[in-house]
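The structure appears right after this line, and notes come after that.
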Amino acid sequence: MPIQKFAPMTKDFPTFDCDAHVTEPPWIWERAKDWLSKDELEALKTTMWFDAETKQLTVNGIAGAGIGSQRIGGSRRNLNAISLAGPGLKHDIQRALYVRNLNPKTAVTAEQADYLDHKGSYKPKERLQDMDVQGIDQVLIIPTDIDTYPWLQNALGAKAMCKAYNEWAYEYCQEDPERLFFAAMLPMQDPFYAAQEVRRVADKGCRVGLVRPVDAMGNYPLQPKYERVWRAMEETGMVYGMHPFPAFGSLKPAGYSEQYSGAELIARTIISSGLPHSFLTNVQNFQAEASLWVTMVLLSGFFERHPKLNAAVFEASSTWLSFLLDRCDKFYKLYRNERALPPLKRLPSETFFEHCVTGFEGDEAPPSRLPEFYQDILAWSSDVYHHDGDDVWRALETMRTCDLAESYQRKFLGENARKLYHIETPKTFIRERVTEIERPDWWPTAEEIEQALKPEAALIRPYRERGRPATGHGHAGARV
């Protein structure tokens with residue numbers, strides 16, 4: 001069998017992955033009756049329900065909603081992008097597999113797809129095994145269907161869904177509570193329910209409450225009606241977890257014409273321009289939502305009204321942050337006398353450094369070149385098992401290439417996150433990289449990967465070049 005090999009690497013400190021994902025499995029709904037009241041369960045059934053027989057998620061009466069988190073396992077010619085990036089599934093290997101899928105004769109089989117569907121995305125024992133290979137000592141897990149929850153129209157149903165997910169996530173983390181931690185979903189449809197859930201999960205040891213920074217159904221999460229939620233977070237010590245996402249908007253209700261996300265305009269522009277791959281929107285989508293939220297909380301005085309509240313900015317990269325904070329400071333100084341709001345007690349950048357941490361991924365080099373700026377506000381995220389995820393060894397390669405001092409590596413890869421979440425440093429941790437992984441016979445070869453990385457490898461040949469006459473008659477051509 002083929003052996004996938006990696007260069008030997010070591011580390012002398014424990015790591016913390018501040019943003020890695022789980023895929024919400026079908027048994028959340030199967031077990032909902034064990035966690036919910038009768039009224040909550042009935043509301044869940046009409047709000048967001050997964051039918052095990054049809055394998056469809058129905059949301060607000062719309063069947064087939066969501067992004068497929070519940071479709072676990074494998075099926076022919078299907079690479080599940082949200083559970084793909086397990087140990088060693090580097091981006092060049094993913095590319096080779098996607099190129100295979102362009103041709104029905106070489107497309108992945110159901111068995112192969114099942115192998116590539118990493119079970120750690122919904123089973124804790126398998127995740128812990130993967131973490132050992134990936135060099136991840138501790139992790140904060142975050143759900144995947146982030147574009148769905150804000151659009152749940154029944155507040156009680158939203159409460160039920162968040163409660164059911166949080167109970168499942170809590171049980172998931174009990175497999176090893178010193179390594180696995182969960183961020184809770186909050187039903188922001190109703191501030192009372194959201195504050196109630198903050199206190200409930202805080203009693204279970206949850207450190208983070210998740211909020212997506214979008215104006216879903218007129219509910220942007222800085223509105224005055226949410227004051228009780230922020231007070232609950234302050235009183236419990238829970239961190240405000242701000243997680244953006246691409247602006248799909250597939251669940252926007254009829255008649256809702258407002259632009260709900262700063263990323264929505266970007267998505268529309270990319271779609272209308274005819275760009276062929278939706279993942280091209282990801283970088284700007286995430287950054288648009290995050291930068292808008294950061295600007296609003298800093299310039300509105302949000303943290304001055306809530307001095308005990310801290311926040312984490314997830315999955316938006318971090319390179320844009322230095323520029324944004326500089327601009328916030330500049331414009332506050334220029335227009336402070338024209339503000340309709342009370343004057344700020346400190347500059348926006350000073351407030352961010354006091355209250356916030358921003359995530360970054362392992363292939364980002366700029367933070368390693370500006371360590372004095374990022375030293376106390378940067379926390380590494382793998383984004384595993386989503387397609388763009390990668391392990392801690394990739395992050396270390398980037399940092400060491402930039403000659404970043406180990407004291408900063410320690411901060412960025414674990415210390416800053418543990419300080420924010422009040423999590424103890426583990427007594428034992430992974431020190432050496434696993435250098436060999438045994439793979440099945442169908443694993444892409446080095447030659448196949450090299451060919452797949454060529455731009456033309458991912459193109460489907462035009463109709464006239466497939467051996468068909470212009471009339472459309474003749475033998476069938478093959479896609480490549």
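Chain identifiers are assigned as A, B, and so on, following the order in which chains appear in the structure tokens; residues are numbered from 1 within each chain, and ligands are numbered from 1 in order of appearance.
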Check which residues of region 348-455 of chain A sit at most 12 Å from region 242-258 of chain A using only C-alpha atoms, and return one row each with the closest pair of atoms and their distance in Å to one decimal, ordered by chain and rising number, as CSV.
```
residue,atom,partner,partner_atom,distance
A:Cys356,CA,A:Met242,CA,10.4
A:Val357,CA,A:Met242,CA,10.4
A:Thr358,CA,A:Met242,CA,9.7
A:Gly359,CA,A:His243,CA,10.1
A:Asp383,CA,A:His243,CA,11.8
```
Let me see the file: selected residues, C-alpha atoms, as a compact mmCIF listing (two decimals), in the first residue's frame.
```txt
# COMPACT_ATOMS: atom_id res chain seq x y z
CA CYS A 356 -10.53 40.91 21.19
CA VAL A 357 -8.61 38.09 19.60
CA THR A 358 -8.60 37.33 15.89
CA GLY A 359 -8.14 33.94 14.28
CA ASP A 383 -10.66 25.10 9.97
```
List as a compact mmCIF listing (two decimals) with N, CA and C atoms, in the first residue's frame the protein and nucleic acid residues near Cys206 (chain A), meaning an atom at most 8 Å away when only C-alpha atoms are counted, but skip any in the same chain fewer than 4 places from it.
```
# COMPACT_ATOMS: atom_id res chain seq x y z
N PHE A 181 -13.42 21.17 23.43
CA PHE A 181 -14.26 22.23 23.97
C PHE A 181 -15.24 22.66 22.88
N PHE A 182 -16.43 23.11 23.28
CA PHE A 182 -17.42 23.47 22.26
C PHE A 182 -17.84 24.92 22.40
N ALA A 183 -18.17 25.51 21.25
CA ALA A 183 -18.78 26.83 21.20
C ALA A 183 -20.28 26.63 21.01
N ALA A 184 -21.08 27.35 21.76
CA ALA A 184 -22.53 27.13 21.77
C ALA A 184 -23.23 27.98 20.73
N VAL A 201 -25.63 26.90 29.11
CA VAL A 201 -24.41 26.21 28.65
C VAL A 201 -23.20 26.63 29.45
N ALA A 202 -23.22 27.84 30.02
CA ALA A 202 -22.11 28.25 30.88
C ALA A 202 -21.99 27.32 32.08
N MET A 238 -18.53 34.31 29.49
CA MET A 238 -18.53 33.69 28.16
C MET A 238 -18.00 34.66 27.11
```
According to DSSP computed on the backbone, where in region 257-477 of chain A is there strand (DSSP E)? Give the residues as a PDB file with N, CA and C atoms, in the first residue's frame.
```pdb
ATOM      1  N   ALA A 311     -14.235  39.165  22.990  1.00  0.00           N
ATOM      2  CA  ALA A 311     -14.740  38.587  21.743  1.00  0.00           C
ATOM      3  C   ALA A 311     -13.622  37.930  20.955  1.00  0.00           C
ATOM      4  N   ALA A 312     -14.009  36.947  20.171  1.00  0.00           N
ATOM      5  CA  ALA A 312     -13.103  36.273  19.242  1.00  0.00           C
ATOM      6  C   ALA A 312     -13.658  36.422  17.837  1.00  0.00           C
ATOM      7  N   VAL A 313     -12.824  36.882  16.910  1.00  0.00           N
ATOM      8  CA  VAL A 313     -13.206  37.014  15.505  1.00  0.00           C
ATOM      9  C   VAL A 313     -12.713  35.769  14.789  1.00  0.00           C
ATOM     10  N   CYS A 356     -10.308  41.834  22.312  1.00  0.00           N
ATOM     11  CA  CYS A 356     -10.532  40.913  21.192  1.00  0.00           C
ATOM     12  C   CYS A 356      -9.308  40.094  20.827  1.00  0.00           C
ATOM     13  N   VAL A 357      -9.602  38.952  20.231  1.00  0.00           N
ATOM     14  CA  VAL A 357      -8.606  38.089  19.603  1.00  0.00           C
ATOM     15  C   VAL A 357      -9.106  37.770  18.210  1.00  0.00           C
ATOM     16  N   THR A 358      -8.208  37.683  17.255  1.00  0.00           N
ATOM     17  CA  THR A 358      -8.601  37.331  15.892  1.00  0.00           C
ATOM     18  C   THR A 358      -7.942  36.025  15.478  1.00  0.00           C
ATOM     19  N   GLY A 359      -8.683  35.203  14.771  1.00  0.00           N
ATOM     20  CA  GLY A 359      -8.144  33.941  14.280  1.00  0.00           C
ATOM     21  C   GLY A 359      -7.285  34.159  13.046  1.00  0.00           C
ATOM     22  N   PHE A 360      -6.416  33.194  12.777  1.00  0.00           N
ATOM     23  CA  PHE A 360      -5.638  33.186  11.539  1.00  0.00           C
ATOM     24  C   PHE A 360      -5.392  31.741  11.159  1.00  0.00           C
ATOM     25  N   LEU A 378      -3.679  37.250  18.476  1.00  0.00           N
ATOM     26  CA  LEU A 378      -3.732  36.269  17.390  1.00  0.00           C
ATOM     27  C   LEU A 378      -3.899  34.862  17.945  1.00  0.00           C
ATOM     28  N   ALA A 379      -4.807  34.083  17.349  1.00  0.00           N
ATOM     29  CA  ALA A 379      -5.045  32.697  17.773  1.00  0.00           C
ATOM     30  C   ALA A 379      -5.243  31.835  16.535  1.00  0.00           C
ATOM     31  N   TRP A 380      -4.483  30.761  16.450  1.00  0.00           N
ATOM     32  CA  TRP A 380      -4.490  29.902  15.267  1.00  0.00           C
ATOM     33  C   TRP A 380      -5.778  29.087  15.169  1.00  0.00           C
ATOM     34  N   GLU A 436       4.592   9.245   8.594  1.00  0.00           N
ATOM     35  CA  GLU A 436       4.102   8.312   7.582  1.00  0.00           C
ATOM     36  C   GLU A 436       2.645   7.938   7.856  1.00  0.00           C
ATOM     37  N   ILE A 437       1.836   7.950   6.802  1.00  0.00           N
ATOM     38  CA  ILE A 437       0.445   7.494   6.882  1.00  0.00           C
ATOM     39  C   ILE A 437       0.228   6.481   5.759  1.00  0.00           C
ATOM     40  N   GLU A 438      -0.259   5.301   6.121  1.00  0.00           N
ATOM     41  CA  GLU A 438      -0.541   4.270   5.117  1.00  0.00           C
ATOM     42  C   GLU A 438      -1.838   4.618   4.392  1.00  0.00           C
TER      43      GLU A 438
END
```
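In this model, the gap between CA of Pro224 (chain A) and CA of Glu197 (chain A) comes to 18.6 Å.
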Residues within 9 Å of Phe192 (chain A), only C-alpha atoms, excluding chain neighbours under 3 positions, as a PyMOL selection string
chain A and resi 188+195-197+226+228-229
From the list A:Pro104, A:Gly237, A:Gly73, A:Pro150, which residue is nearest Gly218 (chain A) when using only C-alpha atoms?
A:Pro150
Per residue of region 354-443 of chain A within 12 Å of region 303-310 of chain A, record the nearest atom pair and its distance in Å to one decimal, counting only C-alpha atoms, with rows in chain order and ascending residue number, as a Markdown table.
```
| residue | atom | partner | partner_atom | distance |
| --- | --- | --- | --- | --- |
| A:Glu354 | CA | A:Asn310 | CA | 8.3 |
| A:His355 | CA | A:Asn310 | CA | 4.7 |
| A:Cys356 | CA | A:Asn310 | CA | 5.8 |
| A:Val357 | CA | A:Asn310 | CA | 8.3 |
| A:Thr358 | CA | A:Asn310 | CA | 11.3 |
| A:Ile377 | CA | A:Asn310 | CA | 11.4 |
| A:Ala417 | CA | A:Asn310 | CA | 11.8 |
| A:Lys419 | CA | A:Asn310 | CA | 11.2 |
| A:Leu420 | CA | A:Asn310 | CA | 7.8 |
| A:Tyr421 | CA | A:Asn310 | CA | 9.5 |
| A:His422 | CA | A:Asn310 | CA | 11.7 |
```
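Coordinates place CA of Leu186 (chain A) at a distance of 24.4 Å from CA of Arg127 (chain A).
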Surrounding residues of Gln284 (chain A) excluding itself and chain neighbours under 2 positions, 9 Å, only C-alpha atoms, as a compact mmCIF listing (two decimals) with C-alpha atoms, in the first residue's frame:
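Result file follows (selection12.txt):
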```
# COMPACT_ATOMS: atom_id res chain seq x y z
CA PRO A 246 -20.38 33.07 2.70
CA ALA A 263 -20.67 39.82 1.82
CA ILE A 266 -19.60 40.61 -3.19
CA ALA A 267 -21.30 37.29 -3.86
CA LEU A 280 -13.58 32.09 -4.97
CA THR A 281 -15.96 34.22 -2.90
CA ASN A 282 -14.79 32.83 0.44
CA PHE A 286 -15.64 36.21 5.44
CA GLN A 287 -13.60 39.40 5.63
CA ALA A 288 -16.52 41.61 4.61
CA GLU A 289 -18.72 40.39 7.47
CA ALA A 316 -11.76 35.81 8.58
```
So that I can see what lies close to Tyr193 (chain A), please list as a PyMOL selection string the residues with an atom at most 12 Å from it, counting only C-alpha atoms and leaving out residues fewer than 2 positions away in the same chain.
chain A and resi 40+154-163+185-191+195-200+226+228-229+232
With only C-alpha atoms as the counted atoms, please give the residues lying no more than 9 Å from Lys55 (chain A), apart from itself and same-chain residues fewer than 5 positions off, as a list in words.
Pro26, Phe50, Gly64, Gln70 and Arg71 of chain A
